[in-house]
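Shown next, in structure tokens, is the structure this report addresses.
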Amino acid sequence: MNPSLFPSKILSIPFITITIFILVTTVVSSTKTISYSDHCNSFVPEAIPTTITYTRFPSLKTLTSHYTGAQNILDPDSLSQRFIQFRPKNRIFKTNTSNTYKTQAQLTFASSNIYHFQSNHSRFDRPLVFNLDGFLSVSTNKLCMVGSANWFSKKGKRLKLDAVLKLNLPELMNINTSLVGGILASLASPHDSDYFEPISMMGFPEVGLLKYKYSLVANEDCNGANGNEHSVARMESLDLCSKVAYQFKIYRLENQSIGYPFLSLYGFQCSLEEKKLRFLVELQNTSYARWYQSFNPNVTLIGDGTWNRAKNELCIVACRILNQTDPLESAHVGDCSIRLTLWFPEVRSIKNTHTTEGQIWSTKKADDVGYFQPIKFQSFDHSSENYGSKYEFTKLEKVRQICPRADVGKREGVVYPSGYSRDMTFDMSVKSRNTNSMGYAFPIFVGNQFYNSYEALDSNFNPWQAATSHTGPMNISYEISFRMLANSTSESESGIPSLPLTKNDRVEISAEGFYDSETGRLCMVGCRNLPSSEKNLKNESFDCEILVQFQFPSTNGNNGSVLMKGSIESLREKTDVLYFDSLNAVSLAYTKLEAMETIWRTDLEIILDLISRTLSCLFIVLQLFHIKKNPDMIPLISVLMMVILTLGYMVPLVLNFEAMFSNTRYFQNIQFEGSGGLLEVNEVIVRIVTMVAFILQFRLLQLTWTKKLGNGDNNGNRKSQWNHEIWTLVVCFPVYIVGGLMMFLTNWKNNDYIISSNRSIWGDLRSYAGLTLDGFLFPQIVLNMFKISKGNALSYLFYIGNTFVRLLPHAYDLYRGQENISRQFHRFYLYANPRADFYSPSWDVFIACGGVAFAVIVFLQQRFGGRFMLPKRFREIVGYERVPVVSNE
């Protein structure tokens with residue numbers, strides 16, 4: 001070792017130490033520390049932690065919480081999804097102050113409309129999470145914590161949100177003290193970019209069984225009204241927690257005297273020993289469950305419920321949330337004057353299919369504010385709940401008379417679904433001459449057994465063997481519901497009205513009859529609950545003169561059909577006021593056979609589409625080489641034709657641009673078993689090839705356009721080059737307009753002179769655009785006639801090849817056959833899509849003949865002249881011939 005270097009090393013040690021100390025000091029001083037004593041001592045005094053203890057304090061969960069505020073950092077439009085999650089850690093510290101604990105927690109604000117911005121300004125869903133430290137005073141029921149969260153502004157700027165959280169968090173609770181309220185306030189200056197508006201929050205936490213007392217509810221609390229008019233199922237062995245707790249139930253109110261048509265119940269805590277529960281009771285405008293959404297404090301009640309063994313009903317005492325605007329101080333639960341009872345009918349029938357019925361009323365006096373009379377409510381007819389009820393078949397004899405059993409439908413080797421199989425539940429499209437509907441059909445009872453599509457299959461999705469032993473006809477009951485989508489109140493050409501809607505804009509039919517598993521035939525008599533307008537006409541509540549028939553496809557595909565088909569008909573005379581037009585139904589559900597056939601067909605169509613677009617790229621490249629060798633032919637090419645072809649490639653790219661880089665198209669929600677994601681990958685490849693074709697076609701358009709701008713005629717007159725283009729546009733544009741109007745008027749007439757929807761008009765426009773592309777040579781033919789052009793302006797392979805590419809989908813459509821096209825599968829047609837262009841046997845033949853005729857005309861024009869088909873005197877323009885002059889010199 002060199003001694004001369006040693007002293008310098010010794011001297012460098014203090015220097016390095018001082019440097020590190022300065023850097024650390026700078027970093028620490030630049031970091032903003034949050035002082036607990038500055039913000040929380042007046043609420044919960046700071047204490048010194050001593051020993052670790054393990055306990056559980058109340059937490060706020062998704063469905064039982066709500067917040068408002070912070071519009072500058074959180075999306076103000078997601079009110080229906082605003083919820084919080086407050087989760088204290090179980091590991092806390094005792095302190096030197098009695099009944100005061102030091103703890104940590106996470107406060108999460110979750111919403112589908114909260115976005116996190118990355119450095120490249122892309123965004124994705126992310127919750128806002130605060131990590132907090134603080135103290136809980138059990139004696140005062142107050143919690144104060146400070147902490148921060150990393151966040152981004154709506155412009156993408158990185159933020160550090162420092163905040164203080166103050167909550168009233170009681171340890172021992174009953175219904176009156178169960179509300180937890182608080183405020184999260186920003187510690188930044190109001191002019192600072194990290195500042196956010198205060199967030200007010202409230203919720204009903206689930207606590208330990210020994211920390212909540214059901215103080216109000218008792219069996220005698222629901223004796224004030226009795227709406228139970230039928231025998232109810234006895235529930236001595238009812239497991240209340242498994243049947244009611246942690247399930248979101250929606251019920252329909254009998255009338256809207258309190259301003260809302262639906263009522264929801266969510267049991268979020270249950271005591272199995274006491275058979276008591278805590279409920280959120282909410283009035284709703286829709287029949288949709290608000291899973292993973294916050295409650296609305298303006299229409300939400302908090303209640304305690306208990307099971308009344310004597311009456312076999314569930315009794316709930318509900319209270320309002322008062323002073324909601326001040327969650328930290330005066331907000332509390334009060335006005336516990338609402339009562340609810342729920343019971344389960346013992347016997348269900350075609351006119352009484354509800355699994356649950358109930359009643360809500362107020363115990364106030366009639367002249368008090370907030371009083372309302374008892375209102376009955378009931379579950380939806382298609383509810384899958386089963387509380388031990390039985391079904392009473394009352395229409396079987398009538399079904400036997402209408403649908404006598406015959407052996408005509410039996411075929412050897414054909415297997416149909418069992419009455420207990422999962423295929424018995426299906427979505428469907430319901431259609432007649434003047435209505436278009438979407439709905440579903442759901443079995444209720446098969447024989448004497450309650451139908452459950454999940455229990456009908458084992459863990460391997462095999463049919464339940466005990467249930468499939470029965471063959472032949474079996475009793476079955478159904479609930480059928482569908483919503484009208486178009487022309488639901490119009491009349492058909494015969495003047496017969498369509499099926500009227502109920503008050504919730506749906507047609508609901510209860511039906512019962514026979515299902516024959518040997519023929520796949522389902523025949524039933526149905527009843528529909530009449531709207532008030534029809535009740536006044538007939539003085540009846542139900543129309544039970546309805547025939548419902550379905551023919552199920554075989555499970556092995558030997559009967560040649562993969563779709564369930566059926567009909568809903570009225571058995572009344574046409575002169576009867578309750579008579580309605582027959583409705584045809586087609587299933588929307590995928591069977592395994594349908595899914596396999598759809599995957600195979602989709603793969604084939606993607607291959608055909610890829611081949612077509614690749615050929616298009618090749619033909620465009622050949623045309624580019626052709627005009628490079630023959631630049632004098634460019635002025636003879638129609639600019640309008642090039643524009644039409646360019647738009648034909650551009651529009652699909654614009655409408656489906658996102659599909660090129662992600663699988664966010666229709667495969668986002670529906671995945672076929674066995675596809676392995678190849679469908680999405682193949683479709684992305686097709687989009688990339690389409691983009692290449694668009695770039696090449698755009699280049700061809702650019703060359704044609706610039707050449708006509710740069711060159712004139714033989715005399716240098718540039719304007720004459722565009723005169724023919726203008727006249728081509730003058731001829732073609734009215735033809736396109738007239739054709740579009742004719743298509744629109746035809747569609748209007750077919751829809752009983754009613755414009756059904758904007759979606760239908762858009763579909764018609766898209767189909768007409770496809771027809772225009774099929775006849776892309778029309779502008780070139782017109783231009784050739786005006787210019788009297790002769791010569792190979794277009795490469796043979798370009799116009800003949802593109803004609804072949806445009807006609808190939810129609811040839812495939814003829815091969816595919818119309819019987820294999822199902823409207824519910826239109827979204828899975830990637831090639832020759834029935835929703836785009838005109839696809840039918842007549843249109844396929846017409847378009848194919850037209851396309852071939854256009855190609856032949858262009859071929860002859862380029863060989864014999866643009867006006868070869870006209871009489872000889874119109875073929876050419878007569879002009880003076882220039883004769884050379886001979887000089888005498």
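So you can find residues: chains in the structure tokens are A, B, ... in the order shown, residues in each start at 1, and ligands are numbered from 1 in order.
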
- [ ] For Glu357 in chain A, please output as a list in words all residues within 8 Å (counting only C-alpha atoms; exclusion window: fewer than 3 positions along the same chain).
- [x]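 Those residues are Leu342, Trp343, Phe344, Pro345, His354, Lys376, Phe377, Gln378 and Ser379 of chain A.
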
Pick out the residues sitting within 8 Å of range 730-735 of chain A, and hand them over as an mmCIF file with N, CA, C and O atoms, in the first residue's frame; count only C-alpha atoms, and ignore anything fewer than 3 positions along from it in its own chain.
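Output contents, as saved in out11.cif:
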data_model
loop_
_atom_site.group_PDB
_atom_site.id
_atom_site.type_symbol
_atom_site.label_atom_id
_atom_site.label_comp_id
_atom_site.auth_asym_id
_atom_site.auth_seq_id
_atom_site.Cartn_x
_atom_site.Cartn_y
_atom_site.Cartn_z
ATOM 1 N N ILE A 726 -66.687 16.634 -62.562
ATOM 2 C CA ILE A 726 -67.874 17.311 -62.036
ATOM 3 C C ILE A 726 -69.131 16.725 -62.655
ATOM 4 O O ILE A 726 -70.133 16.472 -61.961
ATOM 5 N N TRP A 727 -69.090 16.491 -63.978
ATOM 6 C CA TRP A 727 -70.263 15.905 -64.618
ATOM 7 C C TRP A 727 -70.501 14.468 -64.137
ATOM 8 O O TRP A 727 -71.653 14.024 -64.041
ATOM 9 N N VAL A 738 -81.340 8.988 -54.983
ATOM 10 C CA VAL A 738 -82.610 8.324 -55.319
ATOM 11 C C VAL A 738 -82.617 6.892 -54.798
ATOM 12 O O VAL A 738 -83.622 6.416 -54.244
ATOM 13 N N GLY A 739 -81.498 6.197 -54.949
ATOM 14 C CA GLY A 739 -81.422 4.834 -54.432
ATOM 15 C C GLY A 739 -81.585 4.780 -52.926
ATOM 16 O O GLY A 739 -82.272 3.900 -52.397
ATOM 17 N N PHE A 778 -69.190 2.046 -60.962
ATOM 18 C CA PHE A 778 -70.176 2.912 -61.604
ATOM 19 C C PHE A 778 -69.620 4.294 -61.945
ATOM 20 O O PHE A 778 -69.806 4.782 -63.081
ATOM 21 N N PRO A 779 -68.917 5.005 -61.039
ATOM 22 C CA PRO A 779 -68.348 6.318 -61.420
ATOM 23 C C PRO A 779 -67.335 6.210 -62.555
ATOM 24 O O PRO A 779 -67.246 7.118 -63.398
ATOM 25 N N VAL A 782 -69.221 6.002 -65.860
ATOM 26 C CA VAL A 782 -69.764 7.309 -66.253
ATOM 27 C C VAL A 782 -68.656 8.216 -66.761
ATOM 28 O O VAL A 782 -68.806 8.914 -67.785
#

Task: Proximity to Arg687 in chain A - best of A:Val858, A:Gln401, A:Ile606, A:Val639, only C-alpha atoms - done: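 Between A:Val858, A:Gln401, A:Ile606, A:Val639, the residue approaching Arg687 in chain A most closely is A:Ile606.
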
TODO: Would you please work out which residue, of A:Leu253, A:Ala511, A:Leu530, A:Leu328, is nearest to Leu143 in chain A when using only C-alpha atoms?
DONE: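 Among A:Leu253, A:Ala511, A:Leu530, A:Leu328, it is A:Leu328 that comes nearest to Leu143 in chain A.
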
Open item on the list: Just want the 9 Å neighbourhood of Leu777 in chain A, counted on only C-alpha atoms, with same-chain residues fewer than 4 positions away dropped. Output as number ranges by chain.
Closed with: A: 641, 773, 781-782, 799, 803, 851, 854-855, 858

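With CA of Ile52 in chain A on one side and CA of Gly181 in chain A on the other, the separation reads 27.4 Å.
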
Open item on the list: Using only C-alpha atoms, which protein or nucleic acid residues come within 10 Å of Phe86 in chain A? Drop anything in the same chain fewer than 5 positions from it, and give the result as a PyMOL selection string.
Closed with: chain A and resi 58-62+65+105-109+129-130+203+205

Task: Counting only C-alpha atoms, the option among A:Val44, A:Ile444, A:Val299, A:Leu696 closest to Ala318 in chain A - done: A:Val299

Task: Distance query Cys403 in chain A at most 9 Å, only C-alpha atoms, self and fewer than 4 positions along chain excluded, as a PyMOL selection string - done: chain A and resi 398-399+514+523-524

- [ ] Could you check how far CA of Ser98 in chain A sits from CA of Met201 in chain A, in Å to one decimal?
- [x]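 Between these atoms lies a distance of 28.0 Å.
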
Task: A:Leu301, A:Ile480, A:Leu701, A:Ala245 ranked by distance to Leu640 in chain A, top pick (using only C-alpha atoms) - done: A:Leu701

- [ ] Calculate how many Å separate CA of Met650 in chain A from CA of Leu745 in chain A, rounding to one decimal.
- [x] 28.3 Å

TODO: List the neighbours of Asn298 in chain A out to 12 Å using only C-alpha atoms; skip same-chain residues closer than 6 positions along the sequence, and give me the result as a VMD selection string.
DONE: chain A and resid 66 281 to 284 320 to 325

Could you take the residues named above and write them with N, CA, C and O atoms, as a compact mmCIF listing (two decimals), in the first residue's frame?
# COMPACT_ATOMS: atom_id res chain seq x y z
N HIS A 66 -71.41 5.67 2.42
CA HIS A 66 -71.74 6.73 1.46
C HIS A 66 -70.88 7.94 1.78
O HIS A 66 -70.54 8.20 2.93
N VAL A 281 -82.86 -0.74 4.23
CA VAL A 281 -84.10 -0.73 3.47
C VAL A 281 -84.07 0.52 2.59
O VAL A 281 -83.97 1.64 3.10
N GLU A 282 -84.16 0.32 1.28
CA GLU A 282 -84.01 1.45 0.37
C GLU A 282 -85.14 1.46 -0.66
O GLU A 282 -85.50 0.42 -1.23
N LEU A 283 -85.69 2.64 -0.90
CA LEU A 283 -86.69 2.83 -1.94
C LEU A 283 -85.97 3.14 -3.25
O LEU A 283 -85.02 3.93 -3.27
N GLN A 284 -86.42 2.51 -4.35
CA GLN A 284 -85.69 2.62 -5.61
C GLN A 284 -86.64 2.91 -6.77
O GLN A 284 -87.82 2.57 -6.73
N ARG A 320 -85.20 6.29 10.11
CA ARG A 320 -84.66 7.22 9.12
C ARG A 320 -83.30 7.74 9.57
O ARG A 320 -82.94 7.67 10.75
N ILE A 321 -82.55 8.30 8.61
CA ILE A 321 -81.28 8.96 8.89
C ILE A 321 -81.54 10.46 8.92
O ILE A 321 -81.93 11.06 7.90
N LEU A 322 -81.34 11.08 10.06
CA LEU A 322 -81.66 12.49 10.26
C LEU A 322 -80.39 13.34 10.26
O LEU A 322 -79.31 12.87 10.62
N ASN A 323 -80.56 14.61 9.86
CA ASN A 323 -79.45 15.59 9.84
C ASN A 323 -78.25 15.07 9.06
O ASN A 323 -77.11 15.08 9.53
N GLN A 324 -78.48 14.64 7.85
CA GLN A 324 -77.42 14.02 7.05
C GLN A 324 -76.31 15.01 6.68
O GLN A 324 -75.17 14.60 6.43
N THR A 325 -76.61 16.29 6.62
CA THR A 325 -75.62 17.28 6.19
C THR A 325 -74.54 17.53 7.22
O THR A 325 -73.55 18.18 6.91

Open item on the list: With distances taken over only C-alpha atoms, which residue among A:Asp603, A:Asp239, A:Asp194, A:Asp133 lies nearest Asn72 in chain A?
Closed with: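 The answer is A:Asp194, which sits nearest to Asn72 in chain A.
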
- [ ] Please identify all polymer residues within 10 Å of Asn90 in chain A, counting only C-alpha atoms, omitting same-chain residues fewer than 2 positions from it, and present them as a list in words.
- [x]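 Once the nearby chain positions are removed, what remains is Thr53, Tyr54, Thr55, Arg56, Phe57, Arg87, Pro88, Ile92, Phe93, Thr103, Gln104 and Ala105 of chain A.
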
Residues just named, written with all heavy atoms as an mmCIF file, in the first residue's frame:
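Ended up saving to out_6.cif:
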data_model
loop_
_atom_site.group_PDB
_atom_site.id
_atom_site.type_symbol
_atom_site.label_atom_id
_atom_site.label_comp_id
_atom_site.auth_asym_id
_atom_site.auth_seq_id
_atom_site.Cartn_x
_atom_site.Cartn_y
_atom_site.Cartn_z
ATOM 1 N N THR A 53 -51.845 -4.813 21.546
ATOM 2 C CA THR A 53 -53.031 -5.617 21.833
ATOM 3 C C THR A 53 -53.737 -5.931 20.521
ATOM 4 O O THR A 53 -53.511 -5.277 19.499
ATOM 5 C CB THR A 53 -53.996 -4.893 22.777
ATOM 6 O OG1 THR A 53 -55.093 -5.768 23.083
ATOM 7 C CG2 THR A 53 -54.544 -3.629 22.153
ATOM 8 N N TYR A 54 -54.577 -6.951 20.530
ATOM 9 C CA TYR A 54 -55.297 -7.362 19.323
ATOM 10 C C TYR A 54 -56.786 -7.265 19.602
ATOM 11 O O TYR A 54 -57.298 -7.889 20.524
ATOM 12 C CB TYR A 54 -54.923 -8.790 18.920
ATOM 13 C CG TYR A 54 -53.488 -8.916 18.480
ATOM 14 C CD1 TYR A 54 -52.481 -9.194 19.407
ATOM 15 C CD2 TYR A 54 -53.138 -8.737 17.148
ATOM 16 C CE1 TYR A 54 -51.161 -9.298 19.012
ATOM 17 C CE2 TYR A 54 -51.807 -8.838 16.750
ATOM 18 C CZ TYR A 54 -50.828 -9.128 17.681
ATOM 19 O OH TYR A 54 -49.532 -9.229 17.283
ATOM 20 N N THR A 55 -57.458 -6.491 18.805
ATOM 21 C CA THR A 55 -58.891 -6.315 18.981
ATOM 22 C C THR A 55 -59.510 -5.977 17.631
ATOM 23 O O THR A 55 -58.811 -5.887 16.623
ATOM 24 C CB THR A 55 -59.194 -5.208 19.999
ATOM 25 O OG1 THR A 55 -60.605 -5.165 20.238
ATOM 26 C CG2 THR A 55 -58.747 -3.857 19.495
ATOM 27 N N ARG A 56 -60.805 -5.800 17.606
ATOM 28 C CA ARG A 56 -61.507 -5.488 16.362
ATOM 29 C C ARG A 56 -62.391 -4.277 16.567
ATOM 30 O O ARG A 56 -63.264 -4.282 17.421
ATOM 31 C CB ARG A 56 -62.348 -6.683 15.915
ATOM 32 C CG ARG A 56 -63.106 -6.431 14.613
ATOM 33 C CD ARG A 56 -63.984 -7.611 14.274
ATOM 34 N NE ARG A 56 -64.747 -7.367 13.057
ATOM 35 C CZ ARG A 56 -65.693 -8.164 12.608
ATOM 36 N NH1 ARG A 56 -66.010 -9.252 13.277
ATOM 37 N NH2 ARG A 56 -66.342 -7.877 11.493
ATOM 38 N N PHE A 57 -62.128 -3.246 15.773
ATOM 39 C CA PHE A 57 -62.957 -2.053 15.816
ATOM 40 C C PHE A 57 -63.839 -1.998 14.573
ATOM 41 O O PHE A 57 -63.552 -2.644 13.565
ATOM 42 C CB PHE A 57 -62.081 -0.804 15.902
ATOM 43 C CG PHE A 57 -61.488 -0.596 17.258
ATOM 44 C CD1 PHE A 57 -60.147 -0.867 17.505
ATOM 45 C CD2 PHE A 57 -62.281 -0.156 18.311
ATOM 46 C CE1 PHE A 57 -59.615 -0.681 18.753
ATOM 47 C CE2 PHE A 57 -61.740 0.029 19.563
ATOM 48 C CZ PHE A 57 -60.409 -0.242 19.788
ATOM 49 N N ARG A 87 -60.944 0.402 6.944
ATOM 50 C CA ARG A 87 -60.510 -0.852 7.552
ATOM 51 C C ARG A 87 -59.374 -0.589 8.548
ATOM 52 O O ARG A 87 -58.224 -0.426 8.152
ATOM 53 C CB ARG A 87 -60.039 -1.828 6.479
ATOM 54 C CG ARG A 87 -61.172 -2.451 5.692
ATOM 55 C CD ARG A 87 -60.667 -3.326 4.582
ATOM 56 N NE ARG A 87 -60.300 -2.547 3.423
ATOM 57 C CZ ARG A 87 -59.957 -3.077 2.246
ATOM 58 N NH1 ARG A 87 -59.918 -4.359 2.098
ATOM 59 N NH2 ARG A 87 -59.650 -2.305 1.233
ATOM 60 N N PRO A 88 -59.698 -0.524 9.839
ATOM 61 C CA PRO A 88 -58.638 -0.432 10.842
ATOM 62 C C PRO A 88 -57.878 -1.749 10.930
ATOM 63 O O PRO A 88 -58.433 -2.824 10.691
ATOM 64 C CB PRO A 88 -59.410 -0.149 12.146
ATOM 65 C CG PRO A 88 -60.775 0.249 11.721
ATOM 66 C CD PRO A 88 -61.036 -0.444 10.437
ATOM 67 N N ILE A 92 -53.236 -3.045 17.307
ATOM 68 C CA ILE A 92 -53.238 -1.682 17.825
ATOM 69 C C ILE A 92 -52.406 -1.642 19.098
ATOM 70 O O ILE A 92 -51.963 -2.673 19.622
ATOM 71 C CB ILE A 92 -54.670 -1.176 18.091
ATOM 72 C CG1 ILE A 92 -55.298 -1.959 19.228
ATOM 73 C CG2 ILE A 92 -55.519 -1.287 16.835
ATOM 74 C CD1 ILE A 92 -56.639 -1.421 19.645
ATOM 75 N N PHE A 93 -52.209 -0.432 19.630
ATOM 76 C CA PHE A 93 -51.358 -0.239 20.808
ATOM 77 C C PHE A 93 -52.169 0.396 21.935
ATOM 78 O O PHE A 93 -52.925 1.345 21.701
ATOM 79 C CB PHE A 93 -50.163 0.676 20.471
ATOM 80 C CG PHE A 93 -49.200 0.071 19.493
ATOM 81 C CD1 PHE A 93 -49.414 0.203 18.130
ATOM 82 C CD2 PHE A 93 -48.085 -0.612 19.946
ATOM 83 C CE1 PHE A 93 -48.538 -0.340 17.221
ATOM 84 C CE2 PHE A 93 -47.189 -1.152 19.030
ATOM 85 C CZ PHE A 93 -47.412 -1.025 17.678
ATOM 86 N N THR A 103 -53.718 3.366 16.569
ATOM 87 C CA THR A 103 -54.023 2.386 15.531
ATOM 88 C C THR A 103 -53.688 2.948 14.160
ATOM 89 O O THR A 103 -53.400 4.147 14.005
ATOM 90 C CB THR A 103 -55.509 1.983 15.577
ATOM 91 O OG1 THR A 103 -55.750 0.949 14.634
ATOM 92 C CG2 THR A 103 -56.399 3.170 15.250
ATOM 93 N N GLN A 104 -53.720 2.073 13.205
ATOM 94 C CA GLN A 104 -53.531 2.429 11.795
ATOM 95 C C GLN A 104 -54.725 1.917 11.006
ATOM 96 O O GLN A 104 -55.405 0.976 11.412
ATOM 97 C CB GLN A 104 -52.234 1.811 11.248
ATOM 98 C CG GLN A 104 -50.964 2.331 11.912
ATOM 99 C CD GLN A 104 -49.730 1.627 11.371
ATOM 100 O OE1 GLN A 104 -49.777 0.454 11.032
ATOM 101 N NE2 GLN A 104 -48.620 2.355 11.310
ATOM 102 N N ALA A 105 -54.959 2.551 9.847
ATOM 103 C CA ALA A 105 -56.113 2.157 9.040
ATOM 104 C C ALA A 105 -55.900 2.591 7.602
ATOM 105 O O ALA A 105 -55.028 3.417 7.303
ATOM 106 C CB ALA A 105 -57.400 2.772 9.590
#
